[in-house]
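Following: one structure in structure tokens, then a few remarks.
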Amino acid sequence: MTTAQYLIQQAINAISIGSLYALMAIGLAMVFGILRLINFAHGDLIMVGSYAAWLALVLGAPFWLAAIVGIASSTIAGLLMERAAYRPIRGAPSVAMLLTSFAVTILLENVAILLFKPTPRAFPTPPILSEALNFGPLRISSVDLLAIGIALVLLVLLTLFVRRTEIGISMRASSEDLLGAQLMGININAVIAYAFAIGSMMAGVVGILWSIRVGKIDPLMGFYPVLKAFVASVIGGLGSLPGAVLGGYLLGVLEILLQGLLPQALTSYRDAFVFIILIVLLLFRPNGLLGSTEKEKI
């Protein structure tokens, strides 16, 4: 493999993992943009969707139907989370909402442990998604190709939604000034519910793709993805949808670069180097690459 072919191969790998990070970061950014809430329970929506899809597969459902069940379960769980946990304390100090997100996280994880036990379970994957496609010397797994395609479609649809639809414009207005939007007659409850629903749907999609990628599920599987989503959001600018996408793909590129550049003895410390780079970035850009100097926007 030539140097150019090697770089192209690594770029494909970076875009693939970056697509998942971008979809995860969008869920955090949409909620933060309106409520100024870092919803760490977002990671457990990934777990909910994965377990729902796994149950459907165990019961004999075809994979496409199981995927729909998983995504729908994450979306419903996100709406219930907003209605039961966050809406009653809306307007409370930010620390109260942050603590609530941790409480919801612990609740969902412990419910999953009680129902399914803490032991990881294999995630059944169709043979076609376990194959690798060869393009000359380049090699890309079918699940990576699927992740890139789904991410591009969802990002285009989301862009059209927030820019061309009434509810999307209302969400942008609410991210600018929630009280002002309410005084202008915007239904804030509906806007926030839409933000949670869309973000939770993204989490469901990521849950299916992530489960296929790693080949297993467990009750604590949402922690690592939500941590990556948070890092991506901070890199791009908390509350900024373009920033979430940019941060996701940059994080993917950064991880692949470190994987290739670090000595073998240091590759296990890749995430530590990612956080060091993040700290250096925040020293110069405290609001992220696309973050506003005043308020984060979606």
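Each chain in the structure tokens gets a letter, A, B and so on, in the order shown; residues start at 1 in every chain, and ligands are counted from 1 in the order they appear.
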List every residue of stretch 2-184 of chain A that DSSP, applied to the backbone of this structure, assigns to strand (DSSP E or B), and report them as a PyMOL selection string.
chain A and resi 121-122+132-135+138-141
Using only C-alpha atoms, which residues of stretch 223-260 of chain A come within 12 Å of stretch 145-157 of chain A, and what is the closest atom pair for each, with the distance in Å to one decimal? Give it as a Markdown table, sorted by chain and residue number.
```
| residue | atom | partner | partner_atom | distance |
| --- | --- | --- | --- | --- |
| A:Leu241 | CA | A:Leu155 | CA | 9.7 |
| A:Pro242 | CA | A:Leu155 | CA | 9.7 |
| A:Ala244 | CA | A:Leu155 | CA | 10.9 |
| A:Val245 | CA | A:Leu155 | CA | 8.4 |
| A:Leu246 | CA | A:Leu155 | CA | 11.5 |
| A:Gly248 | CA | A:Ala151 | CA | 11.2 |
| A:Tyr249 | CA | A:Ile148 | CA | 11.0 |
```
DSSP helix (DSSP H, G or I) residues within stretch 5-145 of chain A, listed as a PyMOL selection string:
chain A and resi 5-35+42-58+63-89+94-116+127-130+142-145
Mind checking which residues fall within 7 Å of stretch 88-98 of chain A, counting only C-alpha atoms, ignoring those fewer than 4 positions away in the same chain, and posting them as JSON, numbers by chain?
{"A": [37, 38, 84, 102]}
For the residues selected in the previous step, produce a file with C-alpha atoms as a PDB file, in the first residue's frame.
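Writing the result to result25.pdb gives the following:
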```pdb
ATOM      1  CA  LEU A  37     -28.395  21.356  30.026  1.00  0.00           C
ATOM      2  CA  ILE A  38     -25.578  18.861  29.498  1.00  0.00           C
ATOM      3  CA  ALA A  84     -40.843  13.176  33.866  1.00  0.00           C
ATOM      4  CA  PHE A 102     -26.833  11.986  36.637  1.00  0.00           C
TER       5      PHE A 102
END
```
So which residues touch stretch 200-206 of chain A within 9 Å, counting only C-alpha atoms, skipping near sequence neighbours fewer than 6 positions away, as a count of residues only?
31
Fewer than 2 positions away in the same chain doesn't count, so skip those; otherwise give me all residues within 12 Å of A:Ala173, counting only C-alpha atoms, as a PyMOL selection string.
chain A and resi 33-34+162-163+166-171+175-188+191-192+296-298
Env of A:Phe63: 8 Å cut, atoms = only C-alpha atoms, seq-sep filter 3 positions within chain, self excluded. Answer as a short mmCIF file (atom, residue, chain, number, x, y, z; two decimals) with N, CA and C atoms, in the first residue's frame.
```cif
data_model
loop_
_atom_site.label_atom_id
_atom_site.label_comp_id
_atom_site.auth_asym_id
_atom_site.auth_seq_id
_atom_site.Cartn_x
_atom_site.Cartn_y
_atom_site.Cartn_z
N LEU A 57 -34.52 -8.92 18.22
CA LEU A 57 -33.79 -9.94 17.47
C LEU A 57 -33.90 -11.31 18.15
N ALA A 66 -36.02 -4.89 13.96
CA ALA A 66 -35.38 -4.71 15.26
C ALA A 66 -34.73 -3.33 15.37
N ALA A 67 -34.12 -2.87 14.26
CA ALA A 67 -33.51 -1.55 14.26
C ALA A 67 -34.56 -0.46 14.47
N THR A 125 -25.71 -9.88 14.57
CA THR A 125 -25.50 -9.01 13.41
C THR A 125 -25.68 -9.80 12.13
N PRO A 126 -26.43 -9.27 11.17
CA PRO A 126 -26.56 -9.97 9.87
C PRO A 126 -25.20 -10.15 9.22
#
```
Give me the residues near A:Met30 as a ChimeraX atom specification, where near means some atom within 8 Å (using only C-alpha atoms) and where sequence neighbours in that chain fewer than 6 positions away do not count.
/A:195-196,199,239-241,298
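Closest to A:Val226 among A:Val253, A:Ala14, A:Ala4, A:Leu28 is A:Leu28, based on only C-alpha atoms.
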